[in-house]
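Read through the structure below, which is laid out as structure tokens, and then see the notes.
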Amino acid sequence: MSKDLLFEIGLEEVPARFMRAAIAQLQERIVKWLDSSRIAYGEVQAYATPRRLAVLIQNVADKQEDVEEEVKGPSRKIALDDSGNWSKAALGFARSQGVEPDQFTFKELNGVEYIYATKSSKGVETASVIGEGLLSVLHAMTFPKFMRWASYDFKFVRPIRWIVALFGTEVIDLEVTGVKAGNVTRGHRFLGNEAVVSEPSVYVDVLRAQHVIADISEREQMIVSQIEALAAEKNWNIAIKEDLLEEVLFLVETPTVLFGTFDSSFLNIPQEVLITSMREHQRYFPVLNQEGQLLPYFVTVRNGGADSLDVIAKGNEKVLRARLSDAKFFYEEDQKLEIKDALSKLESIVFQEELGTVGDKVRRIRKIADSLATKLQVSGDVAESVSRSADICKFDLVTLMVGEFPELQGVMGEDYAHKAGEKEEVAKAVFEHYQPRFAGDQSPASLVGAIVSAADKMDTIVGCFSINIIPTGSQDPYALRRQAAGIVQILLDHQLPLTLSDVFGAALEVHAQMNLLKRADAEVRKDLQDFFALRVKKLLSETVRYDVVDAVIASGFDDISAIVPKGEALMKAVLAAEEFKTTLESFNRVGNLASKASNASVHPELFVEDGERQLFDAWNQTNEAYRDALSKHNASEALAIASAWKKAITVFFDSVMVMAEDEAVRANRLALLAAIDQDLKGFADFSKLVG
């Protein structure tokens, strides 16, 4: 027999950003408790609104499963004394398992006899344990922030106001902070009332009648479909940003979409400012035309029905007018600030206690960027733009607009730089140097932006590594992993002829000049290599198999532009060609014997057999083309050239005794294999492939 289980926690409104993790945690903890308690169950469904967390589980067994467990004890030799009586070890084992010694059995394991105790446990009625189980789940819940209320020691995300706990039609005996579980839920705060849930299966419908859409997916679909319908009706493009949709989803219980307007004079402000103000302050969806230009409308979601929407719209318009007026004021005031004055203010903003101010950081970025530009041998105009962009890249941090909306750093810098008369490529680089900002974001489009971005990110990483701030576990307060991934992405996307060592060296040299290196240069370089190796592995793992990643990483990853094509070419070869398996075997045979070679060079005059001459000719005639293909990052061509050596390698091993008695001949043959292996390892360590 089985019954449905419903557990609803009624709360004061919970912050939207906590909801998704909270309901997932509640569901997971209840399921884990059922599993550990040997209680069978069916389908599990979680529900959440701003005022409730609920889990409904179908077909929960009336009774725990019976269990019979066999436990291994001491060996027979230890369990019995010389007289054949139970030893103290055996008697202690019996007590620990709650059995009598005469219940022991003997079984052989790996040639040794051991005593075993069989423990039986009868399952109890689910109803007798479920209250205590749900209470333990409540006490185990964790949140980013907790609250205490009244005089209770119990902590939760928000005060608990009601609990519904039903096993079938029966109310589960459960009480916390003076709130006793029952079968009465609460509807929408203004439109609904209290309502009785007679059994778990009617829970969703009971709430729907009280103007609450409990199902998260249904509520989301209602919001999206209403927005899409409005967009189609008005021929608008309503930008639905996922994080905003997620927040709005957990702010409402009955969603109704409506729109309002704002004065078109505000459109003189950059649309990024208006969109950010609408999204961040008011949780509004911006309205664009089909060309992506902002229109003087906004879309919002009401927590309620469709009554008096015009009144609701007017109220929202009034609030938004005040917000946009603030933005307009900030924007106009910022333009009165000259860039040189803004830069002087950076001297009073601490970047990091041991690394100085933001002004200090800007000077380091300039030096690193100039060094990278020199290595890249850019034109004089580009070098000049790099220097100027680096000099002013952080000036907008002291503006009123960025102070209000930190996410607009760079966006406002580009706009203000344009208005201050800076060159187009300089203004653009002020924005681009923050890119890529997150996983999936694009790299800077311009070379100037790419150089300054790499310099900024490398300065932060080297500075932190120098003072021993290195990410461990989940701790990464300066987002060093993201910044390292950004450098890798920039080098790859722009195909810059820079190695990681070039970028490391430029930053380390500047930090050394400014007496900021608190650790040895070599020590920091080693940590940087290990750190970036993980970023490169992660990048490769998105497209190729783990063993292919290990194989190409082993060949060296200093040249980012080379390693990705090698990974892709090798993955294609491994998957597409059955004959590559024999090629791989040939490469590995070469590698196995190459390890026995000394540093001696190859001397063709010492060849005795035709097989070794053929192998030398096959390799010698094409290894220059092979290396050239690698240097040009044409990995597919390089692998094809190397694969063509397979036939000669096979003939060599079939016809030549490598470990000849003549020491000179043996050393020469090993030297030939070592030379070929060295070339192969320039592509990958093929021994790491699993086939």
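Following the order of the structure tokens, chains are lettered A, B, ..., residues in each are numbered from 1, and ligands are numbered from 1.
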Distance query region 407-411 of chain A at most 6 Å, only C-alpha atoms, self and fewer than 2 positions along chain excluded, as a ChimeraX atom specification = /A:402,405,413-414,430-431
Go ahead and save the residues from that selection, with N, CA, C and O atoms, as an mmCIF file, in the first residue's frame.
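Saved to out.cif:
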data_model
loop_
_atom_site.group_PDB
_atom_site.id
_atom_site.type_symbol
_atom_site.label_atom_id
_atom_site.label_comp_id
_atom_site.auth_asym_id
_atom_site.auth_seq_id
_atom_site.Cartn_x
_atom_site.Cartn_y
_atom_site.Cartn_z
ATOM 1 N N VAL A 402 28.786 54.766 -13.099
ATOM 2 C CA VAL A 402 29.369 53.465 -12.753
ATOM 3 C C VAL A 402 29.252 53.217 -11.254
ATOM 4 O O VAL A 402 29.091 52.073 -10.819
ATOM 5 N N PHE A 405 25.746 51.926 -11.179
ATOM 6 C CA PHE A 405 25.614 50.658 -11.905
ATOM 7 C C PHE A 405 27.006 50.131 -12.266
ATOM 8 O O PHE A 405 27.512 50.402 -13.360
ATOM 9 N N GLY A 413 32.676 54.250 -20.016
ATOM 10 C CA GLY A 413 33.998 54.720 -20.392
ATOM 11 C C GLY A 413 34.090 54.982 -21.880
ATOM 12 O O GLY A 413 34.653 56.000 -22.313
ATOM 13 N N GLU A 414 33.545 54.069 -22.691
ATOM 14 C CA GLU A 414 33.570 54.259 -24.147
ATOM 15 C C GLU A 414 32.775 55.505 -24.538
ATOM 16 O O GLU A 414 33.231 56.325 -25.341
ATOM 17 N N VAL A 430 38.547 51.035 -24.405
ATOM 18 C CA VAL A 430 38.170 51.244 -23.006
ATOM 19 C C VAL A 430 37.022 50.305 -22.636
ATOM 20 O O VAL A 430 36.987 49.758 -21.529
ATOM 21 N N PHE A 431 36.094 50.110 -23.564
ATOM 22 C CA PHE A 431 35.015 49.140 -23.343
ATOM 23 C C PHE A 431 35.533 47.710 -23.465
ATOM 24 O O PHE A 431 35.260 46.851 -22.618
#
Using only C-alpha atoms, determine which residues lie at most 10 Å from region 44-47 of chain A, disregarding the query and same-chain residues fewer than 5 positions distant; provide the list as a list in words.
-> Asp4, Leu5, Leu6, Phe7, Glu8, Ile23, Ala24, Leu26, Gln27, Glu28, Ile30, Val31, Arg52, Leu53, Ala54, Val55, Leu56, Ile57, Gln58, Asn59, Val204, Ile213, Ala214, Asp215, Ile216 and Ser217 of chain A
Compile the contact shell of region 218-221 of chain A as a PDB file with N, CA and C atoms, in the first residue's frame: residues with an atom at most 12 Å away, counting only C-alpha atoms, same-chain residues fewer than 2 positions apart removed.
ATOM      1  N   TYR A  47       7.423  22.434  -5.909  1.00  0.00           N
ATOM      2  CA  TYR A  47       6.696  23.666  -6.225  1.00  0.00           C
ATOM      3  C   TYR A  47       7.284  24.800  -5.394  1.00  0.00           C
ATOM      4  N   ALA A  48       7.239  26.011  -5.958  1.00  0.00           N
ATOM      5  CA  ALA A  48       7.769  27.156  -5.211  1.00  0.00           C
ATOM      6  C   ALA A  48       7.152  28.438  -5.719  1.00  0.00           C
ATOM      7  N   THR A  49       6.805  29.303  -4.791  1.00  0.00           N
ATOM      8  CA  THR A  49       6.401  30.676  -5.073  1.00  0.00           C
ATOM      9  C   THR A  49       7.121  31.550  -4.053  1.00  0.00           C
ATOM     10  N   VAL A 204      -2.201  21.471  -6.172  1.00  0.00           N
ATOM     11  CA  VAL A 204      -2.017  22.471  -7.222  1.00  0.00           C
ATOM     12  C   VAL A 204      -3.335  23.137  -7.571  1.00  0.00           C
ATOM     13  N   ARG A 208      -4.516  27.027  -7.228  1.00  0.00           N
ATOM     14  CA  ARG A 208      -4.940  27.745  -8.431  1.00  0.00           C
ATOM     15  C   ARG A 208      -6.251  28.489  -8.173  1.00  0.00           C
ATOM     16  N   HIS A 211      -5.678  31.788  -6.658  1.00  0.00           N
ATOM     17  CA  HIS A 211      -4.855  32.713  -7.441  1.00  0.00           C
ATOM     18  C   HIS A 211      -3.356  32.508  -7.225  1.00  0.00           C
ATOM     19  N   VAL A 212      -2.959  31.255  -7.053  1.00  0.00           N
ATOM     20  CA  VAL A 212      -1.540  30.919  -6.938  1.00  0.00           C
ATOM     21  C   VAL A 212      -1.204  29.841  -7.962  1.00  0.00           C
ATOM     22  N   ILE A 213      -0.247  30.125  -8.831  1.00  0.00           N
ATOM     23  CA  ILE A 213       0.263  29.128  -9.777  1.00  0.00           C
ATOM     24  C   ILE A 213       1.512  28.533  -9.140  1.00  0.00           C
ATOM     25  N   ALA A 214       1.346  27.364  -8.557  1.00  0.00           N
ATOM     26  CA  ALA A 214       2.439  26.775  -7.772  1.00  0.00           C
ATOM     27  C   ALA A 214       3.530  26.170  -8.642  1.00  0.00           C
ATOM     28  N   ASP A 215       3.170  25.675  -9.814  1.00  0.00           N
ATOM     29  CA  ASP A 215       4.141  25.008 -10.682  1.00  0.00           C
ATOM     30  C   ASP A 215       5.083  26.040 -11.297  1.00  0.00           C
ATOM     31  N   ILE A 216       6.376  25.881 -11.046  1.00  0.00           N
ATOM     32  CA  ILE A 216       7.374  26.863 -11.495  1.00  0.00           C
ATOM     33  C   ILE A 216       7.402  26.958 -13.014  1.00  0.00           C
ATOM     34  N   ILE A 223       4.449  33.709 -18.156  1.00  0.00           N
ATOM     35  CA  ILE A 223       5.130  34.990 -18.329  1.00  0.00           C
ATOM     36  C   ILE A 223       5.655  35.132 -19.753  1.00  0.00           C
ATOM     37  N   VAL A 224       6.358  34.107 -20.218  1.00  0.00           N
ATOM     38  CA  VAL A 224       6.975  34.164 -21.545  1.00  0.00           C
ATOM     39  C   VAL A 224       5.918  34.274 -22.635  1.00  0.00           C
ATOM     40  N   SER A 225       4.862  33.470 -22.538  1.00  0.00           N
ATOM     41  CA  SER A 225       3.834  33.493 -23.585  1.00  0.00           C
ATOM     42  C   SER A 225       3.103  34.829 -23.619  1.00  0.00           C
ATOM     43  N   GLN A 226       2.858  35.443 -22.452  1.00  0.00           N
ATOM     44  CA  GLN A 226       2.206  36.755 -22.426  1.00  0.00           C
ATOM     45  C   GLN A 226       3.108  37.836 -23.025  1.00  0.00           C
ATOM     46  N   ILE A 227       4.408  37.761 -22.714  1.00  0.00           N
ATOM     47  CA  ILE A 227       5.347  38.725 -23.295  1.00  0.00           C
ATOM     48  C   ILE A 227       5.416  38.555 -24.807  1.00  0.00           C
ATOM     49  N   GLU A 228       5.488  37.311 -25.257  1.00  0.00           N
ATOM     50  CA  GLU A 228       5.567  37.062 -26.700  1.00  0.00           C
ATOM     51  C   GLU A 228       4.306  37.519 -27.413  1.00  0.00           C
ATOM     52  N   ALA A 229       3.157  37.308 -26.782  1.00  0.00           N
ATOM     53  CA  ALA A 229       1.900  37.755 -27.387  1.00  0.00           C
ATOM     54  C   ALA A 229       1.862  39.276 -27.495  1.00  0.00           C
ATOM     55  N   ILE A 240      14.040  39.451 -23.375  1.00  0.00           N
ATOM     56  CA  ILE A 240      13.860  38.627 -22.171  1.00  0.00           C
ATOM     57  C   ILE A 240      15.221  38.117 -21.729  1.00  0.00           C
ATOM     58  N   GLU A 242      17.587  36.166 -19.267  1.00  0.00           N
ATOM     59  CA  GLU A 242      17.298  34.989 -18.456  1.00  0.00           C
ATOM     60  C   GLU A 242      17.346  35.260 -16.955  1.00  0.00           C
ATOM     61  N   LEU A 244      16.832  38.051 -15.398  1.00  0.00           N
ATOM     62  CA  LEU A 244      15.686  38.877 -15.004  1.00  0.00           C
ATOM     63  C   LEU A 244      14.416  38.037 -14.988  1.00  0.00           C
ATOM     64  N   LEU A 245      14.240  37.192 -15.981  1.00  0.00           N
ATOM     65  CA  LEU A 245      13.075  36.305 -16.005  1.00  0.00           C
ATOM     66  C   LEU A 245      13.060  35.414 -14.770  1.00  0.00           C
ATOM     67  N   GLU A 246      14.216  34.902 -14.400  1.00  0.00           N
ATOM     68  CA  GLU A 246      14.318  34.047 -13.216  1.00  0.00           C
ATOM     69  C   GLU A 246      13.910  34.804 -11.959  1.00  0.00           C
ATOM     70  N   GLU A 247      14.330  36.052 -11.858  1.00  0.00           N
ATOM     71  CA  GLU A 247      13.986  36.836 -10.676  1.00  0.00           C
ATOM     72  C   GLU A 247      12.496  37.142 -10.633  1.00  0.00           C
ATOM     73  N   VAL A 248      11.951  37.590 -11.761  1.00  0.00           N
ATOM     74  CA  VAL A 248      10.521  37.913 -11.817  1.00  0.00           C
ATOM     75  C   VAL A 248       9.681  36.677 -11.525  1.00  0.00           C
ATOM     76  N   LEU A 249      10.120  35.533 -12.006  1.00  0.00           N
ATOM     77  CA  LEU A 249       9.412  34.275 -11.800  1.00  0.00           C
ATOM     78  C   LEU A 249       9.152  34.010 -10.322  1.00  0.00           C
ATOM     79  N   PHE A 250      10.113  34.384  -9.469  1.00  0.00           N
ATOM     80  CA  PHE A 250       9.968  34.130  -8.037  1.00  0.00           C
ATOM     81  C   PHE A 250       9.570  35.388  -7.258  1.00  0.00           C
ATOM     82  N   LEU A 251       9.028  36.375  -7.979  1.00  0.00           N
ATOM     83  CA  LEU A 251       8.446  37.541  -7.325  1.00  0.00           C
ATOM     84  C   LEU A 251       6.920  37.519  -7.386  1.00  0.00           C
ATOM     85  N   VAL A 252       6.370  36.627  -8.212  1.00  0.00           N
ATOM     86  CA  VAL A 252       4.922  36.621  -8.432  1.00  0.00           C
ATOM     87  C   VAL A 252       4.348  35.228  -8.204  1.00  0.00           C
ATOM     88  N   GLU A 253       3.061  35.194  -7.843  1.00  0.00           N
ATOM     89  CA  GLU A 253       2.337  33.927  -7.713  1.00  0.00           C
ATOM     90  C   GLU A 253       1.298  33.768  -8.814  1.00  0.00           C
ATOM     91  N   THR A 254       0.730  34.880  -9.269  1.00  0.00           N
ATOM     92  CA  THR A 254      -0.150  34.887 -10.438  1.00  0.00           C
ATOM     93  C   THR A 254       0.366  35.968 -11.370  1.00  0.00           C
ATOM     94  N   PRO A 255       1.047  35.619 -12.457  1.00  0.00           N
ATOM     95  CA  PRO A 255       1.681  36.626 -13.303  1.00  0.00           C
ATOM     96  C   PRO A 255       0.734  37.216 -14.350  1.00  0.00           C
ATOM     97  N   THR A 256       0.751  38.524 -14.452  1.00  0.00           N
ATOM     98  CA  THR A 256       0.032  39.219 -15.522  1.00  0.00           C
ATOM     99  C   THR A 256       0.965  40.273 -16.109  1.00  0.00           C
ATOM    100  N   VAL A 257       1.208  40.162 -17.399  1.00  0.00           N
ATOM    101  CA  VAL A 257       2.125  41.068 -18.088  1.00  0.00           C
ATOM    102  C   VAL A 257       1.384  42.336 -18.501  1.00  0.00           C
ATOM    103  N   VAL A 301       5.733  42.662 -14.959  1.00  0.00           N
ATOM    104  CA  VAL A 301       4.853  41.544 -14.611  1.00  0.00           C
ATOM    105  C   VAL A 301       4.222  41.837 -13.262  1.00  0.00           C
ATOM    106  N   ASN A 303       1.951  40.923  -9.969  1.00  0.00           N
ATOM    107  CA  ASN A 303       1.593  39.771  -9.140  1.00  0.00           C
ATOM    108  C   ASN A 303       0.097  39.850  -8.842  1.00  0.00           C
TER     109      ASN A 303
END
Find the residues near region 620-630 of chain A: any atom within 8 Å, counting only C-alpha atoms, skip ones fewer than 3 places away on the same chain, and give them as a tab-separated table (two decimals) with N, CA and C atoms, in the first residue's frame.
chain	number	residue	atom	x	y	z
A	562	ALA	N	48.39	27.04	-31.37
A	562	ALA	CA	48.77	25.77	-31.99
A	562	ALA	C	48.06	24.59	-31.36
A	616	PHE	N	64.76	6.15	-42.49
A	616	PHE	CA	65.46	7.44	-42.44
A	616	PHE	C	65.03	8.32	-43.60
A	617	ASP	N	64.95	7.74	-44.81
A	617	ASP	CA	64.58	8.53	-46.00
A	617	ASP	C	63.15	9.05	-45.88
A	633	HIS	N	50.49	26.10	-37.69
A	633	HIS	CA	49.27	25.63	-37.01
A	633	HIS	C	48.37	24.82	-37.93
A	634	ASN	N	48.98	24.23	-38.98
A	634	ASN	CA	48.21	23.35	-39.87
A	634	ASN	C	48.36	21.93	-39.34
A	635	ALA	N	47.62	21.65	-38.27
A	635	ALA	CA	47.79	20.39	-37.56
A	635	ALA	C	47.36	19.19	-38.39
A	637	GLU	N	47.55	18.75	-41.62
A	637	GLU	CA	48.61	18.42	-42.58
A	637	GLU	C	49.79	17.78	-41.87
A	638	ALA	N	50.16	18.31	-40.71
A	638	ALA	CA	51.29	17.74	-39.97
A	638	ALA	C	51.00	16.30	-39.57
A	639	LEU	N	49.79	16.02	-39.11
A	639	LEU	CA	49.45	14.66	-38.70
A	639	LEU	C	49.43	13.72	-39.90
A	641	ILE	N	51.31	14.00	-42.59
A	641	ILE	CA	52.71	13.73	-42.95
A	641	ILE	C	53.30	12.68	-42.01
A	642	ALA	N	53.07	12.86	-40.70
A	642	ALA	CA	53.61	11.90	-39.73
A	642	ALA	C	53.00	10.52	-39.92
A	679	ASP	N	60.14	14.45	-33.01
A	679	ASP	CA	59.21	15.14	-33.91
A	679	ASP	C	57.77	14.82	-33.56
A	683	PHE	N	53.96	17.09	-31.67
A	683	PHE	CA	52.52	17.13	-31.94
A	683	PHE	C	51.73	16.68	-30.72
For region 671-676 of chain A, list every protein, DNA or RNA residue within 7 Å, evaluated using only C-alpha atoms, and leave out those in the same chain fewer than 2 positions away; present the list as a PyMOL selection string.
-> chain A and resi 590+594+597-598+600-602+667-669+678-680
Limited to C-alpha atoms, could you put the picked residues into a file as a CSV table (one decimal), in the first residue's frame?
chain,number,residue,atom,x,y,z
A,590,VAL,CA,59.0,4.2,-31.7
A,594,ALA,CA,63.5,5.9,-28.2
A,597,ALA,CA,68.7,6.3,-26.9
A,598,SER,CA,71.6,8.4,-25.8
A,600,ALA,CA,73.9,10.7,-30.2
A,601,SER,CA,72.9,12.1,-33.6
A,602,VAL,CA,71.9,9.9,-36.6
A,667,ALA,CA,73.2,3.4,-30.9
A,668,ASN,CA,72.6,4.8,-34.4
A,669,ARG,CA,69.3,2.9,-34.7
A,678,GLN,CA,61.1,13.9,-30.8
A,679,ASP,CA,59.2,15.1,-33.9
A,680,LEU,CA,56.1,13.1,-33.0
Leaving out Val206 (chain A) and any residue of its chain fewer than 6 positions from it, which residues lie within 10 Å of it when counting only C-alpha atoms, given as a PyMOL selection string?
-> chain A and resi 185-187+194-198+200+212-214
Please write the residues from the selection above to a file, keeping C-alpha atoms, as a PDB file, in the first residue's frame.
ATOM      1  CA  THR A 185      -2.624  26.441   2.955  1.00  0.00           C
ATOM      2  CA  ARG A 186      -2.744  30.111   2.085  1.00  0.00           C
ATOM      3  CA  GLY A 187      -3.543  31.605  -1.285  1.00  0.00           C
ATOM      4  CA  GLU A 194      -6.884  30.140   3.326  1.00  0.00           C
ATOM      5  CA  ALA A 195      -7.918  26.820   1.800  1.00  0.00           C
ATOM      6  CA  VAL A 196      -8.080  23.216   2.934  1.00  0.00           C
ATOM      7  CA  VAL A 197      -5.947  20.660   1.098  1.00  0.00           C
ATOM      8  CA  SER A 198      -7.902  17.446   1.564  1.00  0.00           C
ATOM      9  CA  PRO A 200      -1.830  15.895  -1.748  1.00  0.00           C
ATOM     10  CA  VAL A 212      -1.540  30.919  -6.938  1.00  0.00           C
ATOM     11  CA  ILE A 213       0.263  29.128  -9.777  1.00  0.00           C
ATOM     12  CA  ALA A 214       2.439  26.775  -7.772  1.00  0.00           C
TER      13      ALA A 214
END
